[in-house]
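J.: The file below is query.txt, compact mmCIF, C-alpha atoms:
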# COMPACT_ATOMS: atom_id res chain seq x y z
CA MET A 1 0.00 0.00 0.00
CA ILE A 2 2.85 2.39 0.75
CA GLU A 3 4.09 2.15 -2.86
CA ARG A 4 0.55 2.91 -4.09
CA PHE A 5 0.60 6.26 -2.27
CA SER A 6 4.27 7.15 -2.78
CA GLY A 7 3.27 10.07 -5.03
CA LEU A 8 1.87 11.82 -1.95
CA ASP A 9 5.39 12.06 -0.50
CA LEU A 10 6.01 15.17 -2.59
CA LEU A 11 3.08 17.12 -1.15
CA SER A 12 3.80 19.92 1.30
CA SER A 13 0.44 19.35 3.02
CA ALA A 14 0.08 16.54 5.56
CA VAL A 15 -1.79 13.43 4.35
CA ILE A 16 -3.11 10.58 6.51
CA ILE A 17 -4.83 7.52 5.05
CA LEU A 18 -7.05 5.37 7.28
CA ASP A 19 -8.95 2.15 6.79
CA ARG A 20 -12.64 2.01 7.67
CA ALA A 21 -11.84 1.07 11.28
CA GLY A 22 -9.76 4.21 11.78
CA GLN A 23 -6.40 2.42 11.66
CA ILE A 24 -3.65 4.53 10.09
CA GLN A 25 -2.31 2.88 6.94
CA TYR A 26 -0.06 5.60 5.55
CA VAL A 27 1.22 9.11 6.25
CA ASN A 28 3.42 11.22 3.99
CA PRO A 29 6.62 12.95 5.21
CA ALA A 30 4.77 16.24 5.78
CA ALA A 31 2.42 14.43 8.19
CA GLU A 32 5.38 12.80 9.97
CA ASP A 33 6.81 16.28 10.45
CA MET A 34 3.52 17.75 11.64
CA LEU A 35 2.79 14.92 14.09
CA GLU A 36 6.45 14.44 15.11
CA LEU A 37 6.07 10.68 14.73
CA SER A 38 7.40 8.31 12.06
CA LEU A 39 5.31 6.30 9.59
CA LYS A 40 6.46 3.11 11.32
CA VAL A 41 5.06 4.30 14.65
CA LEU A 42 1.89 5.85 13.23
CA ARG A 43 0.91 2.66 11.40
CA THR A 44 0.45 1.04 14.81
CA HIS A 45 -1.97 3.78 15.88
CA LYS A 46 -5.60 4.61 15.42
CA LEU A 47 -6.78 8.18 15.09
CA GLN A 48 -7.80 8.44 18.75
CA GLN A 49 -4.24 7.58 19.81
CA VAL A 50 -2.83 10.51 17.87
CA PHE A 51 -5.32 13.27 18.76
CA LEU A 52 -6.95 13.85 22.13
CA ASN A 53 -10.05 15.25 20.41
CA SER A 54 -10.06 12.67 17.61
CA GLU A 55 -13.87 12.57 17.67
CA VAL A 56 -13.85 15.76 15.59
CA LEU A 57 -12.10 13.99 12.72
CA ALA A 58 -13.89 10.70 13.40
CA ASP A 59 -17.30 12.37 12.91
CA ILE A 60 -16.17 13.81 9.58
CA CYS A 61 -14.82 10.40 8.48
CA HIS A 62 -18.11 8.77 9.44
CA GLU A 63 -19.97 11.39 7.41
CA VAL A 64 -18.04 10.75 4.21
CA LEU A 65 -18.28 6.97 4.61
CA VAL A 66 -21.91 6.57 5.59
CA HIS A 67 -23.51 9.40 3.67
CA GLY A 68 -21.33 9.19 0.60
CA ALA A 69 -20.17 12.79 0.73
CA VAL A 70 -17.62 13.54 -1.98
CA GLU A 71 -15.43 15.47 0.45
CA ILE A 72 -15.79 17.58 3.55
CA ARG A 73 -13.67 20.63 4.32
CA GLN A 74 -13.44 22.07 7.80
CA ASP A 75 -11.18 24.30 9.89
CA ILE A 76 -10.36 22.47 13.13
CA VAL A 77 -7.95 22.58 16.05
CA LEU A 78 -6.45 19.19 16.90
CA HIS A 79 -4.95 18.50 20.33
CA ARG A 80 -2.04 16.09 20.78
CA PRO A 81 -0.58 14.53 23.94
CA ALA A 82 2.19 16.73 25.39
CA SER A 83 2.37 18.92 22.28
CA ARG A 84 1.00 22.19 21.00
CA PRO A 85 -2.45 22.23 19.34
CA LEU A 86 -2.57 22.11 15.55
CA ALA A 87 -4.80 24.63 13.77
CA VAL A 88 -5.45 23.16 10.31
CA HIS A 89 -7.81 23.19 7.36
CA ALA A 90 -8.79 19.53 6.93
CA VAL A 91 -10.07 17.94 3.70
CA VAL A 92 -11.58 14.47 4.23
CA LYS A 93 -12.72 12.14 1.42
CA VAL A 94 -13.13 8.49 0.51
CA ILE A 95 -10.49 7.06 -1.80
CA ASP A 96 -10.67 4.05 -4.08
CA THR A 97 -8.66 1.33 -2.37
CA PRO A 98 -9.41 -2.33 -1.62
CA LEU A 99 -10.25 -1.18 1.92
CA SER A 100 -12.35 1.84 0.83
CA GLY A 101 -9.99 3.99 2.79
CA ILE A 102 -10.28 7.59 3.95
CA LEU A 103 -7.84 10.31 3.01
CA ILE A 104 -7.32 13.22 5.40
CA GLU A 105 -5.34 16.16 4.08
CA MET A 106 -4.37 18.87 6.54
CA ARG A 107 -3.04 22.22 5.52
CA GLY A 108 -3.38 25.83 6.48
CA ASN A 109 -1.50 29.03 7.09
CA VAL A 110 0.52 27.60 9.97
CA GLN A 111 3.73 27.54 7.91
CA ARG A 112 3.27 31.13 6.78
CA ILE A 113 2.63 32.25 10.35
CA ARG A 114 5.77 30.41 11.47
CA GLN A 115 7.89 31.98 8.72
CA ASP A 116 6.63 35.48 9.55
CA ARG A 117 7.33 34.87 13.22
CA GLU A 118 10.82 33.54 12.49
CA ASN A 119 11.70 36.50 10.27
CA ARG A 120 10.50 38.88 12.96
CA LEU A 121 12.57 37.14 15.63
CA VAL A 122 15.70 37.16 13.48
CA ASN A 123 15.39 40.82 12.53
CA GLN A 124 14.59 41.90 16.08
CA ASN A 125 17.47 39.95 17.58
CA GLN A 126 20.00 41.24 15.06
CA ALA A 127 18.94 44.84 15.66
CA ASN A 128 18.87 44.39 19.45
CA MET A 129 22.26 42.72 19.69
CA GLU A 130 23.85 45.34 17.44
CA MET A 131 22.44 48.02 19.74
CA VAL A 132 23.71 46.15 22.80
CA ARG A 133 27.17 45.73 21.24
CA ASN A 134 27.43 49.45 20.54
CA LEU A 135 26.10 50.32 23.99
CA ALA A 136 28.56 47.91 25.64
CA HIS A 137 31.52 49.54 23.90
CA GLU A 138 30.32 52.99 24.95
CA ILE A 139 30.02 51.85 28.57
CA LYS A 140 33.28 49.89 28.62
CA ASN A 141 35.54 52.79 27.68
CA PRO A 142 34.88 55.03 30.72
CA LEU A 143 34.68 52.15 33.21
CA GLY A 144 38.44 51.71 33.34
CA GLY A 145 38.87 55.44 33.99
CA ILE A 146 36.30 55.45 36.79
CA LYS A 147 37.90 52.46 38.51
CA GLY A 148 41.40 53.90 38.13
CA ALA A 149 40.31 57.25 39.53
CA ALA A 150 38.73 55.54 42.56
CA GLN A 151 41.93 53.57 43.20
CA LEU A 152 44.05 56.74 42.95
CA LEU A 153 41.66 58.54 45.26
CA GLU A 154 42.18 55.83 47.87
CA LEU A 155 45.93 56.37 47.73
CA GLU A 156 45.56 60.16 48.12
CA MET A 157 43.28 59.98 51.18
CA PRO A 158 44.70 61.31 54.45
CA GLU A 159 45.96 58.44 56.58
CA ALA A 160 43.74 59.47 59.48
CA HIS A 161 40.52 59.08 57.49
CA ARG A 162 41.55 56.43 54.94
CA GLU A 163 39.79 53.47 56.55
CA GLU A 164 36.65 55.53 57.17
CA LEU A 165 36.44 56.83 53.58
CA LYS A 166 37.68 53.65 51.90
CA ALA A 167 34.19 52.14 52.12
CA TYR A 168 32.98 54.72 49.57
CA THR A 169 35.78 54.13 47.06
CA GLN A 170 35.30 50.37 47.40
CA VAL A 171 31.65 50.80 46.43
CA ILE A 172 32.79 52.57 43.26
CA ILE A 173 35.40 49.90 42.47
CA LYS A 174 33.05 46.97 43.09
CA GLU A 175 30.25 48.54 41.05
CA THR A 176 32.59 49.21 38.12
CA ASP A 177 33.72 45.56 38.30
CA ARG A 178 30.09 44.44 38.25
CA LEU A 179 29.36 46.64 35.24
CA GLN A 180 32.50 45.36 33.54
CA ASN A 181 31.27 41.78 33.94
CA LEU A 182 27.89 42.78 32.53
CA VAL A 183 29.52 44.45 29.52
CA ASP A 184 31.72 41.38 28.93
CA ARG A 185 28.59 39.20 28.84
CA MET A 186 27.04 41.57 26.30
CA LEU A 187 30.08 41.19 24.06
CA ILE A 188 30.50 37.40 24.36
CA PRO A 189 28.80 36.53 21.04
CA HIS A 190 30.96 39.06 19.19
CA LYS A 191 34.28 38.20 20.84
CA ARG A 192 34.37 34.41 20.57
CA ALA A 193 35.51 32.73 17.38
CA GLN A 194 33.09 30.24 15.85
CA VAL A 195 34.95 26.92 16.10
CA VAL A 196 32.66 24.19 14.78
CA ASN A 197 32.62 20.41 15.01
CA ASP A 198 30.13 17.60 14.62
CA ILE A 199 28.15 17.39 17.86
CA ASN A 200 25.77 14.89 19.37
CA ILE A 201 23.02 17.16 20.68
CA HIS A 202 22.20 14.68 23.45
CA GLU A 203 25.70 15.15 24.90
CA VAL A 204 24.94 18.88 25.06
CA ILE A 205 21.63 18.21 26.83
CA GLU A 206 23.18 15.75 29.28
CA ARG A 207 25.82 18.32 30.25
CA VAL A 208 23.10 20.91 30.87
CA ARG A 209 21.04 18.37 32.80
CA SER A 210 23.95 17.59 35.15
CA ILE A 211 24.58 21.31 35.79
CA VAL A 212 20.91 22.02 36.54
CA LEU A 213 20.59 19.01 38.85
CA ALA A 214 23.72 20.06 40.73
CA GLU A 215 22.20 23.50 41.34
CA PHE A 216 18.64 22.33 42.01
CA SER A 217 19.16 18.98 43.69
CA GLU A 218 15.81 18.66 45.48
CA GLY A 219 12.24 18.70 44.24
CA LEU A 220 13.06 18.83 40.50
CA GLN A 221 12.40 15.93 38.13
CA ILE A 222 14.10 16.14 34.73
CA LYS A 223 12.53 13.96 32.05
CA ARG A 224 14.27 12.92 28.85
CA ASP A 225 12.45 12.06 25.63
CA TYR A 226 15.18 11.62 23.01
CA ASP A 227 15.12 10.52 19.40
CA LEU A 228 18.44 8.66 19.45
CA SER A 229 18.44 8.23 15.68
CA LEU A 230 19.16 11.92 15.09
CA PRO A 231 22.31 12.75 13.12
CA GLU A 232 24.95 15.06 14.52
CA VAL A 233 24.63 18.82 14.22
CA THR A 234 27.49 21.05 13.13
CA GLY A 235 28.38 23.75 15.61
CA ASN A 236 30.30 24.99 18.60
CA LYS A 237 29.62 22.69 21.54
CA GLU A 238 30.32 25.20 24.29
CA GLN A 239 28.09 27.82 22.69
CA LEU A 240 25.22 25.35 22.34
CA ILE A 241 25.64 24.24 25.96
CA GLN A 242 25.45 27.91 27.02
CA ALA A 243 22.35 28.51 24.88
CA VAL A 244 20.49 25.49 26.29
CA LEU A 245 21.71 26.12 29.85
CA ASN A 246 20.39 29.69 29.91
CA ILE A 247 16.91 28.45 29.02
CA ALA A 248 17.01 25.48 31.40
CA GLU A 249 18.21 27.57 34.35
CA ASN A 250 15.48 30.14 33.72
CA ALA A 251 12.94 27.33 33.71
CA ALA A 252 14.36 25.89 36.94
CA HIS A 253 14.13 29.26 38.70
CA ALA A 254 10.51 29.58 37.53
CA LEU A 255 9.82 26.15 39.04
CA LEU A 256 10.94 27.02 42.57
CA PRO A 257 7.36 27.05 43.97
CA GLN A 258 6.71 23.63 42.39
CA MET A 259 10.03 22.33 43.77
CA ARG A 260 8.91 23.11 47.32
CA GLU A 261 5.86 20.92 46.67
CA GLY A 262 7.90 18.21 44.90
CA LYS A 263 5.94 18.70 41.66
CA ALA A 264 8.50 20.46 39.44
CA GLU A 265 9.09 18.88 36.04
CA LEU A 266 11.54 19.89 33.33
CA THR A 267 11.51 17.94 30.06
CA PHE A 268 14.08 17.74 27.28
CA ARG A 269 12.65 16.33 24.04
CA THR A 270 14.37 15.90 20.67
CA ARG A 271 12.66 15.34 17.33
CA VAL A 272 13.39 15.86 13.64
CA SER A 273 11.61 18.13 11.15
CA ARG A 274 11.64 17.56 7.40
CA ARG A 275 11.68 20.15 4.63
CA VAL A 276 11.81 23.16 6.91
CA THR A 277 12.56 26.82 6.36
CA ILE A 278 14.55 28.67 9.02
CA ALA A 279 15.04 32.40 8.57
CA GLY A 280 14.23 32.11 4.87
CA ILE A 281 16.65 29.22 4.16
CA HIS A 282 15.32 25.79 3.17
CA TYR A 283 16.74 22.66 4.79
CA LYS A 284 16.05 19.00 4.19
CA LEU A 285 16.19 18.16 7.91
CA ALA A 286 16.29 20.14 11.14
CA LEU A 287 16.59 19.33 14.82
CA ASN A 288 13.77 20.26 17.18
CA LEU A 289 14.94 20.52 20.79
CA TYR A 290 12.07 21.20 23.19
CA ILE A 291 12.66 22.46 26.73
CA ILE A 292 9.36 22.21 28.60
CA ASP A 293 8.48 23.07 32.19
CA ASN A 294 5.28 22.91 34.23
CA GLY A 295 5.84 26.25 35.92
CA PRO A 296 3.52 29.24 36.20
CA GLY A 297 4.15 30.36 32.62
CA ILE A 298 5.39 33.60 31.11
CA PRO A 299 3.01 36.59 31.28
CA SER A 300 1.41 37.15 27.88
CA ASP A 301 2.58 40.77 27.78
CA MET A 302 6.21 39.55 28.02
CA LEU A 303 6.13 36.79 25.41
CA GLU A 304 6.94 39.13 22.53
CA THR A 305 9.91 40.68 24.36
CA ILE A 306 11.57 37.84 26.28
CA PHE A 307 14.42 37.64 23.74
CA PHE A 308 15.11 41.37 24.02
CA PRO A 309 18.30 42.21 25.93
CA LEU A 310 17.85 43.66 29.43
CA VAL A 311 14.27 42.30 29.65
CA SER A 312 13.88 39.93 32.60
CA GLY A 313 10.99 38.52 34.55
CA LYS A 314 13.33 37.19 37.24
CA GLU A 315 14.12 39.31 40.27
CA GLY A 316 17.73 40.39 40.09
CA GLY A 317 18.12 39.06 36.54
CA SER A 318 20.22 40.90 33.96
CA GLY A 319 17.92 40.07 31.07
CA LEU A 320 20.82 38.84 28.93
CA GLY A 321 20.37 35.06 29.17
CA LEU A 322 17.64 34.51 26.58
CA ALA A 323 18.98 37.24 24.29
CA LEU A 324 22.39 35.54 24.38
CA SER A 325 20.83 32.12 23.72
CA GLN A 326 18.95 33.47 20.70
CA THR A 327 22.13 35.04 19.32
CA LEU A 328 24.20 31.86 19.79
CA VAL A 329 21.54 29.67 18.16
CA GLN A 330 21.18 32.10 15.25
CA LYS A 331 24.95 31.88 14.73
CA HIS A 332 24.30 28.19 14.05
CA GLY A 333 21.62 28.98 11.47
CA GLY A 334 18.85 28.18 13.93
CA LEU A 335 16.17 29.92 15.93
CA ILE A 336 14.48 29.78 19.34
CA GLU A 337 10.72 30.14 19.76
CA CYS A 338 8.56 30.13 22.87
CA ASP A 339 4.95 29.31 23.69
CA SER A 340 3.61 29.59 27.21
CA VAL A 341 0.39 29.12 29.14
CA PRO A 342 -0.02 28.69 32.90
CA GLY A 343 1.28 25.23 33.76
CA ARG A 344 3.29 24.73 30.56
CA THR A 345 6.12 26.75 28.99
CA GLU A 346 7.80 25.36 25.89
CA PHE A 347 10.99 26.65 24.30
CA LEU A 348 11.81 25.21 20.88
CA ILE A 349 15.38 25.35 19.64
CA ARG A 350 15.43 24.53 15.93
CA LEU A 351 18.82 23.82 14.33
CA PRO A 352 19.47 22.71 10.74
CA PHE A 353 21.30 19.50 9.90
CA THR A 354 23.59 21.09 7.33
CA LYS A 355 25.36 17.86 6.30
CA VAL A 356 22.25 15.79 5.57
Could you write out this file's structure as structure tokens?

T.:
Amino acid sequence: MIERFSGLDLLSSAVIILDRAGQIQYVNPAAEDMLELSLKVLRTHKLQQVFLNSEVLADICHEVLVHGAVEIRQDIVLHRPASRPLAVHAVVKVIDTPLSGILIEMRGNVQRIRQDRENRLVNQNQANMEMVRNLAHEIKNPLGGIKGAAQLLELEMPEAHREELKAYTQVIIKETDRLQNLVDRMLIPHKRAQVVNDINIHEVIERVRSIVLAEFSEGLQIKRDYDLSLPEVTGNKEQLIQAVLNIAENAAHALLPQMREGKAELTFRTRVSRRVTIAGIHYKLALNLYIIDNGPGIPSDMLETIFFPLVSGKEGGSGLGLALSQTLVQKHGGLIECDSVPGRTEFLIRLPFTKV
């Protein structure tokens, strides 16, 4: 049967073919990408195992089978276990097979929305980081002079009052050191050379996992859901560790209330996407790395600005972590996106497999 439908492999819209009992017989690569499951796995599933609200599609399938409708078109939102809802335009019709099967084609403007969102993120991040780089250089130049002047002032103080007044000069020196560290963090993406190698992304995740568990040793459960068949990505291992770590540590801090109750969960999930476009460039395959937590969520009014530098929802935060992660991932040809509702925040790091 797979050979019979091989022509559907070239379609950009997702196609699922069922038998009359609702058993999946075939899906094309676009459907594998949309559902984040392989044909081999999906052929063991019925519709209700794939979608939590499968009755919506099941009713349409029943309509075309029983009442002989040529085809039915409907805009629907399909919910999947532990994944984001899919908003699609579904076309359902009977096809001429020995089993009188049902063809479900799902398409919509989801890809266009994603591309627009990606382009916006890329343009915003490039503009923001260029502004930060220029600002950092402007701040860095006078810092050395301020610190040097404070140190000279200490030496010129009268001996009788030196210890009393030294507390004030030390405040100046320590604050200039703190600002210097902040400026250095701003300039990290521009100062480090891009040394690339072939990297197993799961080694990156495992390093991050060990760091997070060392810092948050009680009340946090880290789940792993890996696709071990993924090829290696090309990139700088230390930069990718830093990008993933910034997101994971933010998630862990957001989970502190859940940790006190022993209910905090952080999940790392890896999947593959086929025929994807990232920042206007087409790739045959791309890595999807999901970092998911069950924390309180990100306020809706912050979602559009969380990757801006100096924007932080964490008390005492510098607001550079996510901006730095976005910059480092973009240096690898990828992108970071975020969706959040109370009880579930999902960061998606998408990186191209450039050698596949």

J.: Counting all atoms listed in the file, which of A:Ser273, A:Tyr168, A:Arg84, A:Arg43 gets nearest to Ser340 in chain A?

T.: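 Among the listed residues, A:Arg84 lies closest to Ser340 in chain A.
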
J.: Pick out the closest residue to Ala248 in chain A from this set: A:Ile72, A:Ala82, A:Met157, A:Ile349. Count all atoms listed in the file.

T.: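 Selected residue with least distance to Ala248 in chain A: A:Ile349.
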
J.: Considering all atoms listed in the file, can you say which of A:Leu220, A:Ile173, A:Leu10, A:Ile291 comes closest to Gly262 in chain A?

T.: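 Counting all atoms listed in the file, the residue closest to Gly262 in chain A is A:Leu220.
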
J.: Fewer than 4 positions away in the same chain doesn't count, so skip those; otherwise give me all residues within 10 Å of range 28-34 of chain A, counting all atoms listed in the file, as an MDAnalysis selection string.

T.: chainID A and resid 2 5:17 38:42 86 105:107 271:276 285

J.: Only C-alpha atoms, please: the residues just picked out, written as an mmCIF file, keeping the file's coordinate frame.

T.:
data_model
loop_
_atom_site.group_PDB
_atom_site.id
_atom_site.type_symbol
_atom_site.label_atom_id
_atom_site.label_comp_id
_atom_site.auth_asym_id
_atom_site.auth_seq_id
_atom_site.Cartn_x
_atom_site.Cartn_y
_atom_site.Cartn_z
ATOM 1 C CA ILE A 2 2.850 2.390 0.750
ATOM 2 C CA PHE A 5 0.600 6.260 -2.270
ATOM 3 C CA SER A 6 4.270 7.150 -2.780
ATOM 4 C CA GLY A 7 3.270 10.070 -5.030
ATOM 5 C CA LEU A 8 1.870 11.820 -1.950
ATOM 6 C CA ASP A 9 5.390 12.060 -0.500
ATOM 7 C CA LEU A 10 6.010 15.170 -2.590
ATOM 8 C CA LEU A 11 3.080 17.120 -1.150
ATOM 9 C CA SER A 12 3.800 19.920 1.300
ATOM 10 C CA SER A 13 0.440 19.350 3.020
ATOM 11 C CA ALA A 14 0.080 16.540 5.560
ATOM 12 C CA VAL A 15 -1.790 13.430 4.350
ATOM 13 C CA ILE A 16 -3.110 10.580 6.510
ATOM 14 C CA ILE A 17 -4.830 7.520 5.050
ATOM 15 C CA SER A 38 7.400 8.310 12.060
ATOM 16 C CA LEU A 39 5.310 6.300 9.590
ATOM 17 C CA LYS A 40 6.460 3.110 11.320
ATOM 18 C CA VAL A 41 5.060 4.300 14.650
ATOM 19 C CA LEU A 42 1.890 5.850 13.230
ATOM 20 C CA LEU A 86 -2.570 22.110 15.550
ATOM 21 C CA GLU A 105 -5.340 16.160 4.080
ATOM 22 C CA MET A 106 -4.370 18.870 6.540
ATOM 23 C CA ARG A 107 -3.040 22.220 5.520
ATOM 24 C CA ARG A 271 12.660 15.340 17.330
ATOM 25 C CA VAL A 272 13.390 15.860 13.640
ATOM 26 C CA SER A 273 11.610 18.130 11.150
ATOM 27 C CA ARG A 274 11.640 17.560 7.400
ATOM 28 C CA ARG A 275 11.680 20.150 4.630
ATOM 29 C CA VAL A 276 11.810 23.160 6.910
ATOM 30 C CA LEU A 285 16.190 18.160 7.910
#

J.: Name the residues in contact with Phe268 in chain A at a cut-off of 12 Å, using only C-alpha atoms, excluding same-chain residues fewer than 2 positions from it; report them as a PyMOL selection string.

T.: chain A and resi 201-202+204-206+208-209+221-227+244-245+247-248+251+265-266+270-271+288-293+346-349

J.: Write out as a CSV table (one decimal) with C-alpha atoms, keeping the file's coordinate frame each polymer residue whose atoms come within 7 Å of Phe307 in chain A, counting all atoms listed in the file; drop sequence neighbours fewer than 5 positions from it.

T.:
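Output saved as around-v1.csv:
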chain,number,residue,atom,x,y,z
A,322,LEU,CA,17.6,34.5,26.6
A,323,ALA,CA,19.0,37.2,24.3
A,326,GLN,CA,19.0,33.5,20.7

J.: From (-8.1, 4.6, 13.4), in the file's coordinates, out to 6 Å: which residues are reached, counting only C-alpha atoms? Answer as a list of chain:residue names.

T.: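 Nearby residues: A:Ala21, A:Gly22, A:Gln23, A:Ile24, A:Lys46, A:Leu47.
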
J.: Rounded to one decimal place, report the CA of Ile139 in chain A-CA of Thr327 in chain A distance in Å.

T.: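 Separating CA of Ile139 in chain A from CA of Thr327 in chain A is a distance of 20.7 Å.
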
J.: Mind giving me the straight-line distance from CA of Leu52 in chain A to CA of Leu65 in chain A in Å, one decimal?

T.: 22.0 Å

J.: Which value, in Å to one decimal, gives the distance between CA of Thr44 in chain A and CA of Arg80 in chain A?

T.: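 Between these atoms lies a distance of 16.4 Å.
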
J.: What's the 12 Å shell around Ile146 in chain A, counting all atoms listed in the file, without same-chain residues fewer than 3 positions away, as a list in words?

T.: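 These residues fall inside the cut-off: Ile139, Lys140, Asn141, Pro142, Leu143, Ala149, Ala150, Gln151, Leu152, Leu153, Thr169, Gln170, Val171, Ile172, Ile173, Lys174, Glu175, Thr176, Asp177, Leu179 and Gln180 of chain A.
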
J.: Just the residues within 9 Å of Tyr283 in chain A, please, counting all atoms listed in the file, with nothing from its chain fewer than 3 positions along; format it as a list of chain:residue names.

T.: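 Once the adjacent positions are removed, what remains is A:Arg274, A:Arg275, A:Val276, A:Thr277, A:Ile278, A:Ala286, A:Pro352, A:Phe353, A:Thr354, A:Val356.
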